[in-house]
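Colleague: Dumping the structure here so I can ask a few things about it.
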Amino acid sequence: MEPLSNKRKVIEQKPLNFLERAYLPAIIQGLAITMKHFFRKPVTISYPEEKREFSENFRGMHSLKRDEDGRERCTACGLCALSCPAEAITMIAAERQLGEENLYREEKYAAVYEINMLRCIFCGLCEEACPKEAIYLDGDIVPADYLRKDFIYGKDKLVEAPLNQ
Amino acid sequence: MELTDIIVKFILVFIIFAISLVIAMYSTYAERKIAAFFQDRIGPNRAGPWGIFQPLADGGKMFLKEEIIPTNASGFLFIAGPSLAIMTACIGSAVIPWGQKLTIGSHVIDLQVADINVGVLYIFGVVSLGVYGVMIGGWASNNKYSLLGAIRAASQNISYEISMGLSIIALLMVTGTLSLRQIAEQQHGWHWNILYQPVGFLLFIVCAFAETNRTPFDLPECETELVGGYHTEYSSMKLGFYLFSEYINMFISSAVMATLYWGGYNYPGMDWVLAHTGPAIGPLIGTAVLFAKIFLFIFFFMWVRWTIPRFRYDQLMDLGWKILIPLAIANIVITGIVITLIK
């Protein structure tokens, strides 16, 4: 066939010469290469004692943020759940009662907020959708567990620790 | 033979057995650690400091695993296989001289279990028995992969034993004796046989790799083609025995190579050291030197394993029959001519 491009290269197949057939020079060369690696610093990172640094834009476990007064920012608008392509987020909204102003910033808040970490694909669309800057994927890697039900994270695991405690 | 001599021999046998088993045990650890270093990794480091209890953990695991004997396996031979493998691996150490004669008070202790005048021949006999363990085990498993592995092991060992024997003949022409003790004594100081038989040593070490089934000649247990090779059906400590016998074989063949070619317990300046430390301590330094050589050889075995890939089967046979055997015969002829000319 006519070559379609000028990139074709005919590979010459020469029979091995004597030194190549004797294996020994190549073996000695190989031994030298492995010996060089013997004294090289290991590249292993001994997880969990050592951890690799996350990149700037790493998306890990979600956290629900509080404002500067320690009140939950989330107003249970549902935009995060709507934007979620994996349908991992569910929530139940509730109305703020009198005397709860120090707990929730808006008049409506999420009484239940659950993320199924097995469904979540860590795309960060919830983060982008949130109008209240309430959810960020700035946590660690989601830890392993034994049961599927234990991967549904509620507010106890997601909400940031209160400021003054 | 007096009673004290018998007791001393028993103690010596016990010590050598213990040492070869401990070395085999820690060879598994060394292998994993060295493999890790060659691949820029750390290796086992969880069991104890630097992972030095790893072999104990592995051994404990081996003992606790379920023991499976396949229904269609030949019961007696299935058990005889690994037993034979480890037994032949262990008895090879009997004729190796571990040091010069030790003098404690009026007692002269020979650091060699049996000083027989056909030591080299004995080693060969034991080595060629070693293949029976593999063959019987592979055949008794009643499994095609095991059988293929066993056949490979048998043909490989027989092919390489020939060139190993031929390479030794050239050495025997130089030494003029089959006794390992005398061969070791002849290499006093720095008169090591490697200086007279470099090609013979090269042939011998290649064959030693093949006889111990180490990479690049580990076709009997070629995982990519034969699942596990001859020990596919084995589990628990019977598998452990097979793996263990490989490491003991490695230790013994390192000791044989050190004794035959690299001076055994001899080292330059040994007379001066012997005169200054006395006959009770001096020979032990020689033993330490011998063990240093053995460890270097074991390291070399592992170094090669983590460097080169496995041979293809036809390459293996080509190398054995078309290169090593002619080379060994040429070595004999040239050695003979040189000896005749010098005389």
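Following the order of the structure tokens, chains are lettered A, B, ..., residues in each are numbered from 1, and ligands are numbered from 1.
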Counting only C-alpha atoms, which residues of chain A sit at most 12 Å from some atom of chain B, and what is each one's closest atom pair with its distance in Å to one decimal, listed by chain and rising residue number, as a Markdown table?
Modeller:
| residue | atom | partner | partner_atom | distance |
| --- | --- | --- | --- | --- |
| A:Phe18 | CA | B:Ile323 | CA | 11.6 |
| A:Arg21 | CA | B:Leu319 | CA | 9.5 |
| A:Ala22 | CA | B:Ile323 | CA | 8.5 |
| A:Tyr23 | CA | B:Leu319 | CA | 9.9 |
| A:Leu24 | CA | B:Leu202 | CA | 10.2 |
| A:Ala26 | CA | B:Ile308 | CA | 9.5 |
| A:Ile27 | CA | B:Ile308 | CA | 7.0 |
| A:Ile28 | CA | B:Val304 | CA | 9.5 |
| A:Gln29 | CA | B:Thr307 | CA | 9.7 |
| A:Gly30 | CA | B:Thr307 | CA | 6.1 |
| A:Leu31 | CA | B:Thr307 | CA | 6.0 |
| A:Ala32 | CA | B:Thr307 | CA | 9.2 |
| A:Ile33 | CA | B:Thr307 | CA | 8.3 |
| A:Thr34 | CA | B:Phe38 | CA | 5.8 |
| A:Met35 | CA | B:Phe38 | CA | 6.9 |
| A:Lys36 | CA | B:Phe38 | CA | 8.2 |
| A:His37 | CA | B:Phe38 | CA | 5.3 |
| A:Phe38 | CA | B:Phe38 | CA | 4.5 |
| A:Phe39 | CA | B:Phe37 | CA | 7.4 |
| A:Arg40 | CA | B:Asp40 | CA | 6.4 |
| A:Lys41 | CA | B:Asp40 | CA | 6.5 |
| A:Pro42 | CA | B:Asp40 | CA | 4.3 |
| A:Val43 | CA | B:Asp40 | CA | 5.9 |
| A:Thr44 | CA | B:Arg41 | CA | 5.6 |
| A:Ile45 | CA | B:Ile42 | CA | 9.2 |
| A:Ser46 | CA | B:Ile42 | CA | 8.9 |
| A:Glu49 | CA | B:Arg46 | CA | 11.9 |
Colleague: Write out as a count of residues only all residues of chain A that backbone DSSP assigns to alpha helix (DSSP H).
Modeller: 33
Colleague: Do you know which residues are at most 12 Å from Gly228 (chain B) counting only C-alpha atoms, after dropping those on the same chain fewer than 2 positions away, and could you put them as a list in words?
Modeller: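 The neighbour list is Gly138, Asn143, Lys144, Tyr145, Ser146, Leu147, Leu148, Gly149, Ala150, Asp218, Leu219, Pro220, Glu221, Cys222, Glu223, Thr224, Glu225, Leu226, Tyr230, His231, Thr232, Glu233, Tyr234, Ser235, Leu239, Tyr242 and Leu243 of chain B.
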Colleague: Save out the residues we just selected, C-alpha atoms, as a PDB file, in the first residue's frame.
Modeller:
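Saved to result_37.pdb:
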ATOM      1  CA  GLY B 138       3.586 -31.764  41.047  1.00  0.00           C
ATOM      2  CA  ASN B 143      -3.492 -30.962  38.283  1.00  0.00           C
ATOM      3  CA  LYS B 144      -2.295 -30.119  34.796  1.00  0.00           C
ATOM      4  CA  TYR B 145      -0.586 -26.908  35.864  1.00  0.00           C
ATOM      5  CA  SER B 146       1.244 -28.700  38.646  1.00  0.00           C
ATOM      6  CA  LEU B 147       2.270 -31.464  36.285  1.00  0.00           C
ATOM      7  CA  LEU B 148       3.541 -28.971  33.691  1.00  0.00           C
ATOM      8  CA  GLY B 149       5.489 -27.167  36.384  1.00  0.00           C
ATOM      9  CA  ALA B 150       6.961 -30.419  37.625  1.00  0.00           C
ATOM     10  CA  ASP B 218      11.956 -19.885  37.738  1.00  0.00           C
ATOM     11  CA  LEU B 219       9.859 -21.460  35.001  1.00  0.00           C
ATOM     12  CA  PRO B 220       8.567 -24.297  37.240  1.00  0.00           C
ATOM     13  CA  GLU B 221       6.533 -21.732  39.179  1.00  0.00           C
ATOM     14  CA  CYS B 222       5.839 -19.381  36.311  1.00  0.00           C
ATOM     15  CA  GLU B 223       2.732 -17.579  37.590  1.00  0.00           C
ATOM     16  CA  THR B 224       1.666 -16.078  34.306  1.00  0.00           C
ATOM     17  CA  GLU B 225       1.441 -19.433  32.559  1.00  0.00           C
ATOM     18  CA  LEU B 226       1.012 -22.080  35.235  1.00  0.00           C
ATOM     19  CA  TYR B 230       4.182 -27.315  40.829  1.00  0.00           C
ATOM     20  CA  HIS B 231       2.755 -26.006  44.117  1.00  0.00           C
ATOM     21  CA  THR B 232      -0.586 -24.813  42.730  1.00  0.00           C
ATOM     22  CA  GLU B 233      -2.554 -27.283  44.862  1.00  0.00           C
ATOM     23  CA  TYR B 234      -0.549 -26.830  48.030  1.00  0.00           C
ATOM     24  CA  SER B 235      -1.641 -24.792  50.989  1.00  0.00           C
ATOM     25  CA  LEU B 239       3.375 -24.801  50.655  1.00  0.00           C
ATOM     26  CA  TYR B 242       8.296 -25.707  49.315  1.00  0.00           C
ATOM     27  CA  LEU B 243       8.982 -21.999  49.617  1.00  0.00           C
TER      28      LEU B 243
END
Colleague: Output as number ranges by chain all residues of chain A that backbone DSSP marks as strand (DSSP E or B).
Modeller: A: 63-64, 66, 72, 89-95, 104, 108-116, 135-136, 152-153, 159
Colleague: If we count only C-alpha atoms and set the cut-off at 12 Å, which residues sit around region 174-177 of chain B, ignoring sequence neighbours fewer than 6 positions away in its own chain? Please answer as a ChimeraX atom specification.
Modeller: /B:116-121,167-168,183-187,191-197,200,260-261,331-332,334-340,342
Colleague: Can you tell me, as a ChimeraX atom specification, what residues are no more than 9 Å from Ile158 (chain B) when counting only C-alpha atoms, ignoring any on the same chain fewer than 3 positions away?
Modeller: /B:128,131,153-155,161-162,211
Colleague: Which residues are close to Tyr247 (chain B), i.e. within 10 Å by only C-alpha atoms, leaving aside same-chain residues fewer than 6 positions away? Reply as a list in words.
Modeller: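 With the cut-off at 10 Å, the set is Ser20, Leu21, Ile23, Ala24, Met25, Tyr26, Ser27, Thr28, Glu31, Ile86, Ala89, Thr212, Arg214, Phe241, Ser253 and Ile298 of chain B.
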Colleague: Measuring between only C-alpha atoms, which one of B:Met173, B:Ala330, B:Ile325, B:Ile281 shows the shortest distance to Leu102 (chain B)?
Modeller: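 Closest candidate: B:Ile281.
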Colleague: Work out how far apart CA of Ser179 (chain B) and CA of Val256 (chain B) are and give it in Å to one decimal.
Modeller: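 Distance between the two atoms: 12.2 Å.
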Colleague: So how many Å separate CA of Thr287 (chain B) and CA of Trp98 (chain B), to one decimal?
Modeller: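 Spanning CA of Thr287 (chain B) to CA of Trp98 (chain B) is a straight-line distance of 5.7 Å.
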Colleague: Measuring atom to atom with only C-alpha atoms, identify which of A:Tyr136, A:Val10, A:Glu160, A:Ile152 is nearest to His62 (chain A).
Modeller: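 Ranking A:Tyr136, A:Val10, A:Glu160, A:Ile152 by distance to His62 (chain A), first place goes to A:Tyr136.
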Colleague: Excluding Ile285 (chain B) and residues on its chain fewer than 2 positions from it, collect all residues at most 10 Å away from it, counting only C-alpha atoms, and give them as number ranges by chain.
Modeller: B: 99-100, 265-267, 270, 273-274, 277, 280-283, 287-291
Colleague: Atoms to include: N, CA and C atoms. Write the selected residues as a PDB file, in the first residue's frame.
Modeller:
ATOM      1  N   GLY B  99      34.590 -23.769  58.993  1.00  0.00           N
ATOM      2  CA  GLY B  99      35.733 -23.013  59.505  1.00  0.00           C
ATOM      3  C   GLY B  99      36.899 -23.944  59.737  1.00  0.00           C
ATOM      4  N   GLN B 100      38.022 -23.351  60.148  1.00  0.00           N
ATOM      5  CA  GLN B 100      39.181 -24.176  60.471  1.00  0.00           C
ATOM      6  C   GLN B 100      38.911 -24.924  61.771  1.00  0.00           C
ATOM      7  N   TYR B 265      36.328 -20.156  54.137  1.00  0.00           N
ATOM      8  CA  TYR B 265      36.609 -19.362  55.342  1.00  0.00           C
ATOM      9  C   TYR B 265      37.967 -18.671  55.264  1.00  0.00           C
ATOM     10  N   ASN B 266      38.612 -18.697  54.109  1.00  0.00           N
ATOM     11  CA  ASN B 266      39.929 -18.066  53.993  1.00  0.00           C
ATOM     12  C   ASN B 266      39.797 -16.607  53.585  1.00  0.00           C
ATOM     13  N   TYR B 267      40.700 -15.820  54.123  1.00  0.00           N
ATOM     14  CA  TYR B 267      40.725 -14.406  53.737  1.00  0.00           C
ATOM     15  C   TYR B 267      42.169 -13.927  53.817  1.00  0.00           C
ATOM     16  N   MET B 270      44.930 -13.997  57.011  1.00  0.00           N
ATOM     17  CA  MET B 270      44.325 -14.823  58.053  1.00  0.00           C
ATOM     18  C   MET B 270      45.370 -15.392  59.010  1.00  0.00           C
ATOM     19  N   VAL B 273      45.961 -12.806  61.705  1.00  0.00           N
ATOM     20  CA  VAL B 273      44.820 -12.739  62.615  1.00  0.00           C
ATOM     21  C   VAL B 273      44.813 -13.955  63.524  1.00  0.00           C
ATOM     22  N   LEU B 274      45.102 -15.136  62.937  1.00  0.00           N
ATOM     23  CA  LEU B 274      45.081 -16.376  63.709  1.00  0.00           C
ATOM     24  C   LEU B 274      46.158 -16.348  64.798  1.00  0.00           C
ATOM     25  N   THR B 277      44.887 -13.898  67.658  1.00  0.00           N
ATOM     26  CA  THR B 277      43.661 -14.154  68.417  1.00  0.00           C
ATOM     27  C   THR B 277      43.639 -15.528  69.057  1.00  0.00           C
ATOM     28  N   ALA B 280      41.297 -20.520  69.583  1.00  0.00           N
ATOM     29  CA  ALA B 280      39.892 -20.671  70.004  1.00  0.00           C
ATOM     30  C   ALA B 280      38.987 -19.652  69.328  1.00  0.00           C
ATOM     31  N   ILE B 281      39.544 -18.490  69.004  1.00  0.00           N
ATOM     32  CA  ILE B 281      38.729 -17.403  68.442  1.00  0.00           C
ATOM     33  C   ILE B 281      38.999 -17.228  66.948  1.00  0.00           C
ATOM     34  N   GLY B 282      40.263 -17.398  66.560  1.00  0.00           N
ATOM     35  CA  GLY B 282      40.669 -17.163  65.172  1.00  0.00           C
ATOM     36  C   GLY B 282      39.811 -17.862  64.143  1.00  0.00           C
ATOM     37  N   PRO B 283      39.576 -19.189  64.297  1.00  0.00           N
ATOM     38  CA  PRO B 283      38.744 -19.888  63.304  1.00  0.00           C
ATOM     39  C   PRO B 283      37.323 -19.330  63.213  1.00  0.00           C
ATOM     40  N   THR B 287      34.930 -18.250  60.088  1.00  0.00           N
ATOM     41  CA  THR B 287      33.521 -18.618  59.893  1.00  0.00           C
ATOM     42  C   THR B 287      32.680 -17.379  59.588  1.00  0.00           C
ATOM     43  N   ALA B 288      32.974 -16.297  60.317  1.00  0.00           N
ATOM     44  CA  ALA B 288      32.240 -15.056  60.067  1.00  0.00           C
ATOM     45  C   ALA B 288      32.480 -14.569  58.642  1.00  0.00           C
ATOM     46  N   VAL B 289      33.739 -14.716  58.183  1.00  0.00           N
ATOM     47  CA  VAL B 289      34.059 -14.302  56.801  1.00  0.00           C
ATOM     48  C   VAL B 289      33.267 -15.145  55.817  1.00  0.00           C
ATOM     49  N   LEU B 290      33.198 -16.475  56.093  1.00  0.00           N
ATOM     50  CA  LEU B 290      32.441 -17.362  55.206  1.00  0.00           C
ATOM     51  C   LEU B 290      30.972 -16.928  55.144  1.00  0.00           C
ATOM     52  N   PHE B 291      30.421 -16.599  56.316  1.00  0.00           N
ATOM     53  CA  PHE B 291      29.015 -16.191  56.317  1.00  0.00           C
ATOM     54  C   PHE B 291      28.820 -14.859  55.602  1.00  0.00           C
TER      55      PHE B 291
END
